[in-house]
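Here is coords.cif, consisting of mmCIF, C-alpha atoms, pLDDT in the B column; chains and numbers go by the auth columns:
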data_target
loop_
_atom_site.group_PDB
_atom_site.id
_atom_site.type_symbol
_atom_site.label_atom_id
_atom_site.label_comp_id
_atom_site.label_asym_id
_atom_site.label_seq_id
_atom_site.Cartn_x
_atom_site.Cartn_y
_atom_site.Cartn_z
_atom_site.B_iso_or_equiv
_atom_site.auth_seq_id
_atom_site.auth_asym_id
ATOM 1 C CA MET A 1 -14.405 21.315 -18.658 50.00 528 A
ATOM 2 C CA LEU A 2 -15.871 21.803 -15.212 54.00 529 A
ATOM 3 C CA SER A 3 -15.984 24.992 -13.183 49.00 530 A
ATOM 4 C CA LYS A 4 -17.603 26.080 -9.954 43.00 531 A
ATOM 5 C CA THR A 5 -20.532 27.514 -11.914 40.00 532 A
ATOM 6 C CA SER A 6 -20.893 24.712 -14.454 47.00 533 A
ATOM 7 C CA MET A 7 -20.598 21.785 -12.046 46.00 534 A
ATOM 8 C CA THR A 8 -24.401 21.698 -11.562 45.00 535 A
ATOM 9 C CA GLN A 9 -26.178 19.256 -13.878 77.00 536 A
ATOM 10 C CA ALA A 10 -22.874 17.805 -15.003 93.00 537 A
ATOM 11 C CA THR A 11 -22.249 14.092 -15.437 97.00 538 A
ATOM 12 C CA ALA A 12 -19.082 12.415 -14.168 98.00 539 A
ATOM 13 C CA ILE A 13 -17.713 8.916 -14.653 98.00 540 A
ATOM 14 C CA ILE A 14 -15.426 7.692 -11.873 98.00 541 A
ATOM 15 C CA VAL A 15 -13.213 4.771 -12.875 98.00 542 A
ATOM 16 C CA GLY A 16 -11.971 2.868 -9.836 96.00 543 A
ATOM 17 C CA ALA A 17 -14.845 4.049 -7.659 97.00 544 A
ATOM 18 C CA SER A 18 -14.452 1.510 -4.866 95.00 545 A
ATOM 19 C CA SER A 19 -11.395 3.119 -3.242 93.00 546 A
ATOM 20 C CA LEU A 20 -11.802 5.317 -0.179 93.00 547 A
ATOM 21 C CA LEU A 21 -10.592 8.410 -2.041 94.00 548 A
ATOM 22 C CA SER A 22 -12.933 7.772 -4.968 96.00 549 A
ATOM 23 C CA ARG A 23 -15.863 7.500 -2.578 97.00 550 A
ATOM 24 C CA GLU A 24 -14.978 10.807 -0.966 97.00 551 A
ATOM 25 C CA ILE A 25 -14.702 12.430 -4.382 97.00 552 A
ATOM 26 C CA ALA A 26 -18.077 10.944 -5.327 98.00 553 A
ATOM 27 C CA LYS A 27 -19.657 12.319 -2.138 98.00 554 A
ATOM 28 C CA GLN A 28 -18.421 15.827 -2.817 97.00 555 A
ATOM 29 C CA LEU A 29 -19.499 15.749 -6.459 98.00 556 A
ATOM 30 C CA ALA A 30 -22.905 14.394 -5.432 97.00 557 A
ATOM 31 C CA ASP A 31 -23.310 17.295 -3.009 96.00 558 A
ATOM 32 C CA GLN A 32 -22.957 19.564 -6.046 95.00 559 A
ATOM 33 C CA ASP A 33 -25.718 17.695 -7.932 94.00 560 A
ATOM 34 C CA VAL A 34 -23.357 15.977 -10.347 96.00 561 A
ATOM 35 C CA GLU A 35 -24.843 12.822 -11.870 97.00 562 A
ATOM 36 C CA LEU A 36 -22.454 9.937 -11.227 98.00 563 A
ATOM 37 C CA VAL A 37 -21.516 6.778 -13.062 98.00 564 A
ATOM 38 C CA LEU A 38 -19.352 4.591 -10.838 98.00 565 A
ATOM 39 C CA LEU A 39 -17.134 1.892 -12.352 98.00 566 A
ATOM 40 C CA ALA A 40 -15.465 -0.752 -10.207 97.00 567 A
ATOM 41 C CA GLN A 41 -14.218 -4.295 -10.489 94.00 568 A
ATOM 42 C CA ASP A 42 -16.764 -5.356 -7.842 95.00 569 A
ATOM 43 C CA PRO A 43 -19.851 -3.193 -8.513 96.00 570 A
ATOM 44 C CA GLU A 44 -21.929 -4.927 -5.836 96.00 571 A
ATOM 45 C CA SER A 45 -19.617 -3.504 -3.172 96.00 572 A
ATOM 46 C CA LEU A 46 -20.856 -0.032 -4.141 97.00 573 A
ATOM 47 C CA THR A 47 -24.603 -0.728 -3.985 96.00 574 A
ATOM 48 C CA ASP A 48 -25.231 0.665 -0.502 97.00 575 A
ATOM 49 C CA PHE A 49 -22.813 3.544 -1.021 97.00 576 A
ATOM 50 C CA ALA A 50 -24.480 4.593 -4.271 97.00 577 A
ATOM 51 C CA ALA A 51 -27.898 4.542 -2.607 97.00 578 A
ATOM 52 C CA SER A 52 -26.627 6.910 0.110 97.00 579 A
ATOM 53 C CA LEU A 53 -25.665 9.663 -2.352 97.00 580 A
ATOM 54 C CA ALA A 54 -27.995 12.601 -2.924 93.00 581 A
ATOM 55 C CA THR A 55 -27.834 12.471 -6.718 96.00 582 A
ATOM 56 C CA LYS A 56 -28.561 10.125 -9.600 96.00 583 A
ATOM 57 C CA VAL A 57 -26.040 7.284 -9.495 97.00 584 A
ATOM 58 C CA THR A 58 -25.514 4.180 -11.604 97.00 585 A
ATOM 59 C CA VAL A 59 -22.929 1.486 -10.894 98.00 586 A
ATOM 60 C CA HIS A 60 -21.223 -0.732 -13.466 97.00 587 A
ATOM 61 C CA GLY A 61 -18.498 -3.342 -13.506 97.00 588 A
ATOM 62 C CA LEU A 62 -15.141 -2.742 -15.162 95.00 589 A
ATOM 63 C CA GLN A 63 -12.211 -5.102 -15.593 93.00 590 A
ATOM 64 C CA ILE A 64 -9.281 -2.701 -15.461 94.00 591 A
ATOM 65 C CA ASP A 65 -6.843 -5.405 -16.588 93.00 592 A
ATOM 66 C CA GLN A 66 -8.721 -5.975 -19.867 95.00 593 A
ATOM 67 C CA PRO A 67 -8.172 -3.022 -22.253 95.00 594 A
ATOM 68 C CA GLN A 68 -10.634 -4.112 -24.943 96.00 595 A
ATOM 69 C CA THR A 69 -13.369 -4.594 -22.339 96.00 596 A
ATOM 70 C CA ILE A 70 -12.625 -1.135 -20.924 96.00 597 A
ATOM 71 C CA ILE A 71 -13.052 0.436 -24.357 97.00 598 A
ATOM 72 C CA SER A 72 -16.344 -1.356 -25.018 97.00 599 A
ATOM 73 C CA THR A 73 -17.721 -0.472 -21.584 97.00 600 A
ATOM 74 C CA LEU A 74 -16.933 3.242 -21.891 98.00 601 A
ATOM 75 C CA GLU A 75 -18.309 3.428 -25.427 97.00 602 A
ATOM 76 C CA SER A 76 -21.537 1.737 -24.349 96.00 603 A
ATOM 77 C CA LEU A 77 -21.994 4.034 -21.335 97.00 604 A
ATOM 78 C CA TRP A 78 -21.301 7.116 -23.448 97.00 605 A
ATOM 79 C CA GLN A 79 -24.149 6.193 -25.781 95.00 606 A
ATOM 80 C CA GLN A 80 -26.538 5.880 -22.836 95.00 607 A
ATOM 81 C CA LEU A 81 -25.663 9.303 -21.426 94.00 608 A
ATOM 82 C CA GLN A 82 -26.657 12.610 -22.986 85.00 609 A
ATOM 83 C CA ALA A 83 -23.218 14.033 -22.294 93.00 610 A
ATOM 84 C CA VAL A 84 -20.203 13.329 -20.095 97.00 611 A
ATOM 85 C CA HIS A 85 -18.452 16.328 -18.609 98.00 612 A
ATOM 86 C CA LEU A 86 -15.836 14.653 -16.447 98.00 613 A
ATOM 87 C CA VAL A 87 -13.990 11.341 -16.293 98.00 614 A
ATOM 88 C CA VAL A 88 -11.986 10.685 -13.129 98.00 615 A
ATOM 89 C CA VAL A 89 -9.453 7.847 -13.286 98.00 616 A
ATOM 90 C CA ASN A 90 -8.351 6.424 -9.951 96.00 617 A
ATOM 91 C CA THR A 91 -6.933 2.988 -10.571 92.00 618 A
ATOM 92 C CA GLY A 92 -3.592 1.437 -9.851 89.00 619 A
ATOM 93 C CA LEU A 93 -1.626 -1.334 -8.220 91.00 620 A
ATOM 94 C CA ASN A 94 1.386 -1.030 -5.968 91.00 621 A
ATOM 95 C CA SER A 95 3.546 -3.565 -4.194 88.00 622 A
ATOM 96 C CA TYR A 96 7.027 -3.837 -2.775 87.00 623 A
ATOM 97 C CA ASP A 97 9.137 -6.963 -2.584 90.00 624 A
ATOM 98 C CA PRO A 98 12.935 -6.540 -2.387 88.00 625 A
ATOM 99 C CA SER A 99 13.391 -9.755 -4.402 93.00 626 A
ATOM 100 C CA LEU A 100 11.461 -8.149 -7.318 93.00 627 A
ATOM 101 C CA PRO A 101 9.436 -11.180 -8.477 95.00 628 A
ATOM 102 C CA TRP A 102 8.139 -10.720 -12.012 96.00 629 A
ATOM 103 C CA GLN A 103 4.425 -11.402 -11.546 97.00 630 A
ATOM 104 C CA PRO A 104 3.647 -8.394 -9.298 96.00 631 A
ATOM 105 C CA GLU A 105 5.627 -6.208 -11.702 97.00 632 A
ATOM 106 C CA ALA A 106 3.649 -7.587 -14.639 97.00 633 A
ATOM 107 C CA ASP A 107 0.348 -6.975 -12.833 97.00 634 A
ATOM 108 C CA ILE A 108 1.322 -3.365 -12.096 97.00 635 A
ATOM 109 C CA ILE A 109 2.249 -2.781 -15.738 97.00 636 A
ATOM 110 C CA THR A 110 -1.012 -4.338 -16.950 97.00 637 A
ATOM 111 C CA VAL A 111 -3.210 -2.194 -14.704 97.00 638 A
ATOM 112 C CA ASN A 112 -1.196 1.027 -14.327 97.00 639 A
ATOM 113 C CA VAL A 113 -0.046 1.262 -17.942 98.00 640 A
ATOM 114 C CA GLN A 114 -2.301 -0.755 -20.236 97.00 641 A
ATOM 115 C CA GLY A 115 -5.554 -0.339 -18.294 97.00 642 A
ATOM 116 C CA PHE A 116 -4.854 3.311 -17.519 98.00 643 A
ATOM 117 C CA SER A 117 -4.043 4.057 -21.158 98.00 644 A
ATOM 118 C CA ALA A 118 -7.180 2.320 -22.399 98.00 645 A
ATOM 119 C CA VAL A 119 -9.358 4.459 -20.112 98.00 646 A
ATOM 120 C CA CYS A 120 -7.627 7.743 -20.930 98.00 647 A
ATOM 121 C CA ASN A 121 -7.354 7.090 -24.662 98.00 648 A
ATOM 122 C CA THR A 122 -11.021 6.119 -24.971 98.00 649 A
ATOM 123 C CA ALA A 123 -12.251 9.016 -22.825 98.00 650 A
ATOM 124 C CA PHE A 124 -10.157 11.490 -24.827 98.00 651 A
ATOM 125 C CA ARG A 125 -11.462 10.143 -28.140 98.00 652 A
ATOM 126 C CA LEU A 126 -15.067 10.358 -26.936 98.00 653 A
ATOM 127 C CA PHE A 127 -14.486 13.876 -25.599 98.00 654 A
ATOM 128 C CA THR A 128 -13.067 14.796 -29.019 98.00 655 A
ATOM 129 C CA GLU A 129 -16.213 13.519 -30.732 97.00 656 A
ATOM 130 C CA GLN A 130 -18.344 15.346 -28.162 97.00 657 A
ATOM 131 C CA GLY A 131 -16.335 18.543 -28.521 97.00 658 A
ATOM 132 C CA TYR A 132 -15.471 19.187 -24.861 97.00 659 A
ATOM 133 C CA GLY A 133 -14.833 17.543 -21.487 98.00 660 A
ATOM 134 C CA GLN A 134 -12.342 17.020 -18.690 98.00 661 A
ATOM 135 C CA LEU A 135 -10.161 14.022 -17.963 98.00 662 A
ATOM 136 C CA ALA A 136 -8.667 13.966 -14.455 98.00 663 A
ATOM 137 C CA ALA A 137 -6.339 11.209 -13.297 98.00 664 A
ATOM 138 C CA VAL A 138 -5.235 10.462 -9.745 97.00 665 A
ATOM 139 C CA ASN A 139 -1.485 10.080 -10.154 96.00 666 A
ATOM 140 C CA SER A 140 1.506 10.218 -7.780 93.00 667 A
ATOM 141 C CA ILE A 141 4.725 12.149 -7.244 92.00 668 A
ATOM 142 C CA ALA A 142 6.324 8.694 -7.140 91.00 669 A
ATOM 143 C CA GLY A 143 6.680 9.128 -10.898 92.00 670 A
ATOM 144 C CA LEU A 144 9.234 11.901 -10.474 91.00 671 A
ATOM 145 C CA ARG A 145 12.056 9.454 -9.745 91.00 672 A
ATOM 146 C CA GLY A 146 12.671 5.739 -9.742 91.00 673 A
ATOM 147 C CA GLY A 147 12.002 3.951 -6.489 89.00 674 A
ATOM 148 C CA PRO A 148 11.996 0.648 -4.595 87.00 675 A
ATOM 149 C CA SER A 149 8.649 -0.337 -6.102 91.00 676 A
ATOM 150 C CA VAL A 150 10.217 -0.284 -9.532 95.00 677 A
ATOM 151 C CA ALA A 151 7.257 -0.852 -11.849 96.00 678 A
ATOM 152 C CA TYR A 152 4.970 1.394 -9.782 95.00 679 A
ATOM 153 C CA HIS A 153 7.308 4.402 -9.932 95.00 680 A
ATOM 154 C CA ALA A 154 7.860 3.836 -13.657 97.00 681 A
ATOM 155 C CA SER A 155 4.119 3.532 -14.310 97.00 682 A
ATOM 156 C CA LYS A 156 3.437 6.880 -12.633 97.00 683 A
ATOM 157 C CA ALA A 157 6.092 8.550 -14.785 97.00 684 A
ATOM 158 C CA TYR A 158 4.397 7.008 -17.804 98.00 685 A
ATOM 159 C CA ALA A 159 1.008 8.317 -16.652 98.00 686 A
ATOM 160 C CA SER A 160 2.321 11.879 -16.325 98.00 687 A
ATOM 161 C CA ASN A 161 3.808 11.792 -19.817 98.00 688 A
ATOM 162 C CA TYR A 162 0.667 10.255 -21.275 98.00 689 A
ATOM 163 C CA LEU A 163 -1.518 12.964 -19.748 98.00 690 A
ATOM 164 C CA GLU A 164 0.818 15.706 -20.953 98.00 691 A
ATOM 165 C CA GLY A 165 0.646 14.268 -24.452 98.00 692 A
ATOM 166 C CA LEU A 166 -3.156 14.262 -24.389 98.00 693 A
ATOM 167 C CA SER A 167 -3.153 17.874 -23.219 98.00 694 A
ATOM 168 C CA MET A 168 -0.863 18.857 -26.086 98.00 695 A
ATOM 169 C CA HIS A 169 -3.088 16.993 -28.527 98.00 696 A
ATOM 170 C CA ALA A 170 -6.190 18.819 -27.275 98.00 697 A
ATOM 171 C CA GLN A 171 -4.397 22.123 -27.871 97.00 698 A
ATOM 172 C CA ARG A 172 -3.505 21.096 -31.419 97.00 699 A
ATOM 173 C CA LEU A 173 -7.148 20.205 -32.059 97.00 700 A
ATOM 174 C CA LYS A 174 -8.196 23.554 -30.519 98.00 701 A
ATOM 175 C CA LEU A 175 -10.820 21.813 -28.406 97.00 702 A
ATOM 176 C CA PRO A 176 -11.858 22.729 -24.828 97.00 703 A
ATOM 177 C CA ILE A 177 -10.715 19.411 -23.380 98.00 704 A
ATOM 178 C CA THR A 178 -8.977 19.791 -20.028 98.00 705 A
ATOM 179 C CA ILE A 179 -6.436 17.224 -18.819 98.00 706 A
ATOM 180 C CA THR A 180 -5.758 17.331 -15.071 98.00 707 A
ATOM 181 C CA ASP A 181 -2.845 15.409 -13.559 98.00 708 A
ATOM 182 C CA LEU A 182 -3.572 15.024 -9.821 97.00 709 A
ATOM 183 C CA GLN A 183 -0.185 14.375 -8.244 95.00 710 A
ATOM 184 C CA LEU A 184 -0.827 12.787 -4.858 93.00 711 A
ATOM 185 C CA GLY A 185 1.897 12.667 -2.257 84.00 712 A
ATOM 186 C CA LEU A 186 3.410 9.420 -1.040 65.00 713 A
ATOM 187 C CA LEU A 187 0.376 8.634 1.104 52.00 714 A
ATOM 188 C CA ASP A 188 1.167 4.923 1.401 53.00 715 A
ATOM 189 C CA LYS A 189 4.614 5.753 2.736 46.00 716 A
ATOM 190 C CA ALA A 190 3.206 8.388 5.106 40.00 717 A
ATOM 191 C CA ALA A 191 0.731 5.818 6.414 42.00 718 A
ATOM 192 C CA MET A 192 3.493 3.240 6.929 41.00 719 A
ATOM 193 C CA GLN A 193 5.545 5.768 8.872 41.00 720 A
ATOM 194 C CA GLN A 194 2.468 7.032 10.765 46.00 721 A
ATOM 195 C CA SER A 195 3.286 10.603 9.794 46.00 722 A
ATOM 196 C CA ARG A 196 0.528 12.965 10.921 49.00 723 A
ATOM 197 C CA LEU A 197 2.221 15.859 9.168 47.00 724 A
ATOM 198 C CA TRP A 198 1.993 14.317 5.699 50.00 725 A
ATOM 199 C CA LEU A 199 -1.075 12.077 5.987 63.00 726 A
ATOM 200 C CA SER A 200 -4.247 14.132 5.473 77.00 727 A
ATOM 201 C CA PRO A 201 -7.817 12.849 6.049 84.00 728 A
ATOM 202 C CA PRO A 202 -9.465 11.420 2.903 88.00 729 A
ATOM 203 C CA ASP A 203 -12.142 14.136 2.826 92.00 730 A
ATOM 204 C CA VAL A 204 -9.443 16.837 2.820 92.00 731 A
ATOM 205 C CA VAL A 205 -7.600 15.093 -0.012 92.00 732 A
ATOM 206 C CA ALA A 206 -10.866 14.749 -1.971 95.00 733 A
ATOM 207 C CA ARG A 207 -11.723 18.409 -1.388 96.00 734 A
ATOM 208 C CA GLN A 208 -8.436 19.517 -2.913 95.00 735 A
ATOM 209 C CA VAL A 209 -8.939 17.098 -5.802 96.00 736 A
ATOM 210 C CA VAL A 210 -12.379 18.534 -6.567 97.00 737 A
ATOM 211 C CA LYS A 211 -11.080 22.094 -6.260 97.00 738 A
ATOM 212 C CA ALA A 212 -8.248 21.343 -8.691 97.00 739 A
ATOM 213 C CA MET A 213 -10.718 19.903 -11.185 97.00 740 A
ATOM 214 C CA GLN A 214 -13.055 22.877 -10.816 96.00 741 A
ATOM 215 C CA SER A 215 -10.138 25.230 -11.406 96.00 742 A
ATOM 216 C CA ALA A 216 -9.205 23.263 -14.553 96.00 743 A
ATOM 217 C CA LYS A 217 -5.662 22.766 -13.270 96.00 744 A
ATOM 218 C CA ARG A 218 -3.274 21.114 -15.682 97.00 745 A
ATOM 219 C CA LYS A 219 -1.326 19.661 -12.733 96.00 746 A
ATOM 220 C CA ALA A 220 -2.009 19.855 -9.012 95.00 747 A
ATOM 221 C CA TYR A 221 -0.157 18.512 -5.966 94.00 748 A
ATOM 222 C CA ILE A 222 -2.480 16.875 -3.439 92.00 749 A
ATOM 223 C CA THR A 223 -2.268 17.917 -0.711 81.00 750 A
ATOM 224 C CA LYS A 224 -0.488 21.199 -1.420 79.00 751 A
ATOM 225 C CA ARG A 225 2.290 20.558 1.109 79.00 752 A
ATOM 226 C CA TRP A 226 3.569 17.698 -1.072 67.00 753 A
ATOM 227 C CA ARG A 227 4.681 20.253 -3.660 73.00 754 A
ATOM 228 C CA LEU A 228 7.761 20.873 -1.495 74.00 755 A
ATOM 229 C CA VAL A 229 8.547 17.148 -1.349 72.00 756 A
ATOM 230 C CA ALA A 230 8.130 16.907 -5.125 72.00 757 A
ATOM 231 C CA TRP A 231 10.504 19.832 -5.614 76.00 758 A
ATOM 232 C CA LEU A 232 13.137 18.312 -3.318 77.00 759 A
ATOM 233 C CA THR A 233 12.736 14.893 -4.913 76.00 760 A
ATOM 234 C CA VAL A 234 13.656 16.299 -8.313 75.00 761 A
ATOM 235 C CA LEU A 235 16.628 18.294 -6.972 70.00 762 A
ATOM 236 C CA LEU A 236 18.230 15.629 -4.740 75.00 763 A
ATOM 237 C CA PRO A 237 21.455 14.156 -6.122 75.00 764 A
ATOM 238 C CA GLU A 238 21.175 10.458 -6.845 78.00 765 A
ATOM 239 C CA PHE A 239 23.614 9.393 -4.109 69.00 766 A
ATOM 240 C CA ILE A 240 21.395 11.104 -1.522 69.00 767 A
ATOM 241 C CA TYR A 241 18.091 10.089 -3.089 70.00 768 A
ATOM 242 C CA ASN A 242 19.147 6.430 -3.137 74.00 769 A
ATOM 243 C CA THR A 243 19.680 6.367 0.636 65.00 770 A
ATOM 244 C CA ARG A 244 15.947 6.695 1.249 56.00 771 A
ATOM 245 C CA HIS A 245 14.151 3.506 2.304 52.00 772 A
ATOM 246 C CA TRP A 246 10.571 2.469 2.921 49.00 773 A
ATOM 247 C CA ARG A 247 11.066 2.009 6.647 56.00 774 A
ATOM 248 C CA THR A 248 8.647 2.634 9.489 57.00 775 A
ATOM 249 C CA LYS A 249 9.574 4.650 12.579 62.00 776 A
ATOM 250 C CA GLU A 250 9.734 1.398 14.543 70.00 777 A
ATOM 251 C CA GLN A 251 12.221 -0.074 12.073 67.00 778 A
ATOM 252 C CA ARG A 252 14.445 2.996 12.244 66.00 779 A
ATOM 253 C CA LYS A 253 14.335 2.954 16.059 73.00 780 A
ATOM 254 C CA ALA A 254 15.267 -0.729 16.051 74.00 781 A
ATOM 255 C CA GLU A 255 18.214 -0.029 13.748 71.00 782 A
ATOM 256 C CA LYS A 256 19.439 2.779 16.017 74.00 783 A
ATOM 257 C CA ALA A 257 19.088 0.556 19.068 74.00 784 A
ATOM 258 C CA ALA A 258 21.073 -2.199 17.340 72.00 785 A
ATOM 259 C CA LYS A 259 23.867 0.238 16.479 72.00 786 A
ATOM 260 C CA LYS A 260 24.014 1.482 20.093 73.00 787 A
ATOM 261 C CA ALA A 261 24.121 -2.103 21.359 72.00 788 A
ATOM 262 C CA LYS A 262 27.249 -2.706 19.296 63.00 789 A
#

Written form, structure tokens:
Amino acid sequence: MLSKTSMTQATAIIVGASSLLSREIAKQLADQDVELVLLAQDPESLTDFAASLATKVTVHGLQIDQPQTIISTLESLWQQLQAVHLVVVNTGLNSYDPSLPWQPEADIITVNVQGFSAVCNTAFRLFTEQGYGQLAAVNSIAGLRGGPSVAYHASKAYASNYLEGLSMHAQRLKLPITITDLQLGLLDKAAMQQSRLWLSPPDVVARQVVKAMQSAKRKAYITKRWRLVAWLTVLLPEFIYNTRHWRTKEQRKAEKAAKKAK
């Protein structure tokens, strides 16, 4: 478990380190002298980035769609490190096609459910053997309800339940293993709609992520303003909730213009 005082000299593994958010998280952890192990599907893409960080960094490849490979990779890395204090999981696929073709759905399930579970299960088991640690997963409030990206919304609900189960299991074992569910807002949707109110800069998002991990939060909404959206999402009746669409401002304006033209 990490805290503001124990962050120094800690070691963190970031799974899915090539994303913009993961890089920002890595920067902020590096500034606190945390040793980093970065895992990505294309490790060469992180070479220059890793060299720019002011801490010890190693980069390794990870095939997130291959559970057995994930397990072997994490076990091997664990043996090479003296101790691992934090594992950050930031992986996931998302897509939207109104015709709902099967292959994108299958890919989302493979990565967001099978790959995610393999990482979390292995990290938890290794933390159990070690006797302590913190597992933090970048999740989404999309898991609170079903949505147009059917498999994606369902996978995020699965992730929340999986993390809650791990937290309960740690309590039963009476071990200081912290499970942190980082519930990000609908940033993809905010970006599509060009919403300045709801779309925060990546460094701000990363700062709140790091703060939540340092505070050993069980669940945190990132950024904090999305807590209100999460609350409303749960409370909305289905007939109202179902009227929401993934439309940009331009699309809504065009629809209004078309109605006026009639």

Selection dump of the PyMOL selection byres ((chain A and resi 635) around 12), as a VMD selection string: chain A and resid 591 to 592 618 to 623 628 to 634 636 to 643 676 to 683

Evaluate the PyMOL selection byres ((chain A and resi 589) around 9) and report residues as a VMD selection string: chain A and resid 542 to 543 566 to 570 587 to 588 590 to 593 596 to 597 600

The PyMOL selection byres ((chain A and resi 610-612) around 8) applied to the shown file, residues as an MDAnalysis selection string: chainID A and resid 528:529 537:540 605 608:609 613:614 654 657 659:661

Surrounding residues of A:Thr705 excluding itself and chain neighbours under 3 positions, 12 Å, all atoms listed in the file, as JSON, numbers by chain: {"A": [528, 529, 530, 612, 613, 614, 615, 650, 651, 654, 655, 658, 659, 660, 661, 662, 663, 664, 690, 691, 692, 693, 694, 695, 696, 697, 698, 701, 702, 708, 739, 740, 741, 742, 743, 744, 745, 746]}

Length of the atom CA of A:Asn648 to atom CA of A:Thr707 vector [Å]: 14.1 Å

Atom CA of A:Asn688 to atom CA of A:Gly673, distance in Å rounded to a single decimal: 14.7 Å

Among the residues A:Leu671, A:Ala645, A:Val731, A:Ala781, the one that comes closest to A:Leu762 [using only C-alpha atoms]: A:Leu671

Nearest residue to A:Gln710 from the set A:Ser727, A:Thr585, A:Ser687, A:Gln606 (distances using only C-alpha atoms):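 Answer, going by the shortest atom-to-atom distance: A:Ser687.
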
Atom CA of A:Phe576 to atom CA of A:Ser545, straight-line distance in Å: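 We find that atom CA of A:Ser545 and atom CA of A:Phe576 lie 9.4 Å from each other.
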
Atoms are missing here; could stretch 642-654 of chain A be completed with N, CA, C and O atoms and written as a tab-separated table (two decimals), keeping the file's coordinate frame?
chain	number	residue	atom	x	y	z
A	642	GLY	N	-4.19	-0.69	-18.69
A	642	GLY	CA	-5.55	-0.34	-18.29
A	642	GLY	C	-5.75	1.17	-18.23
A	642	GLY	O	-6.75	1.70	-18.73
A	643	PHE	N	-4.81	1.85	-17.62
A	643	PHE	CA	-4.85	3.31	-17.52
A	643	PHE	C	-4.92	3.95	-18.90
A	643	PHE	O	-5.74	4.85	-19.16
A	644	SER	N	-4.08	3.49	-19.81
A	644	SER	CA	-4.04	4.06	-21.16
A	644	SER	C	-5.35	3.82	-21.90
A	644	SER	O	-5.83	4.69	-22.63
A	645	ALA	N	-5.92	2.63	-21.72
A	645	ALA	CA	-7.18	2.32	-22.40
A	645	ALA	C	-8.29	3.26	-21.94
A	645	ALA	O	-9.09	3.74	-22.76
A	646	VAL	N	-8.35	3.53	-20.64
A	646	VAL	CA	-9.36	4.46	-20.11
A	646	VAL	C	-9.14	5.86	-20.66
A	646	VAL	O	-10.06	6.50	-21.19
A	647	CYS	N	-7.92	6.36	-20.53
A	647	CYS	CA	-7.63	7.74	-20.93
A	647	CYS	C	-7.77	7.94	-22.43
A	647	CYS	O	-8.32	8.95	-22.89
A	648	ASN	N	-7.27	6.99	-23.21
A	648	ASN	CA	-7.35	7.09	-24.66
A	648	ASN	C	-8.81	7.10	-25.12
A	648	ASN	O	-9.20	7.92	-25.96
A	649	THR	N	-9.62	6.20	-24.57
A	649	THR	CA	-11.02	6.12	-24.97
A	649	THR	C	-11.79	7.36	-24.55
A	649	THR	O	-12.57	7.92	-25.33
A	650	ALA	N	-11.56	7.81	-23.31
A	650	ALA	CA	-12.25	9.02	-22.82
A	650	ALA	C	-11.87	10.22	-23.68
A	650	ALA	O	-12.74	11.02	-24.05
A	651	PHE	N	-10.60	10.35	-24.02
A	651	PHE	CA	-10.16	11.49	-24.83
A	651	PHE	C	-10.81	11.45	-26.21
A	651	PHE	O	-11.27	12.48	-26.72
A	652	ARG	N	-10.84	10.27	-26.81
A	652	ARG	CA	-11.46	10.14	-28.14
A	652	ARG	C	-12.94	10.51	-28.09
A	652	ARG	O	-13.44	11.23	-28.97
A	653	LEU	N	-13.64	10.06	-27.06
A	653	LEU	CA	-15.07	10.36	-26.94
A	653	LEU	C	-15.30	11.83	-26.62
A	653	LEU	O	-16.27	12.43	-27.10
A	654	PHE	N	-14.40	12.43	-25.84
A	654	PHE	CA	-14.49	13.88	-25.60
A	654	PHE	C	-14.26	14.65	-26.91
A	654	PHE	O	-14.90	15.68	-27.16
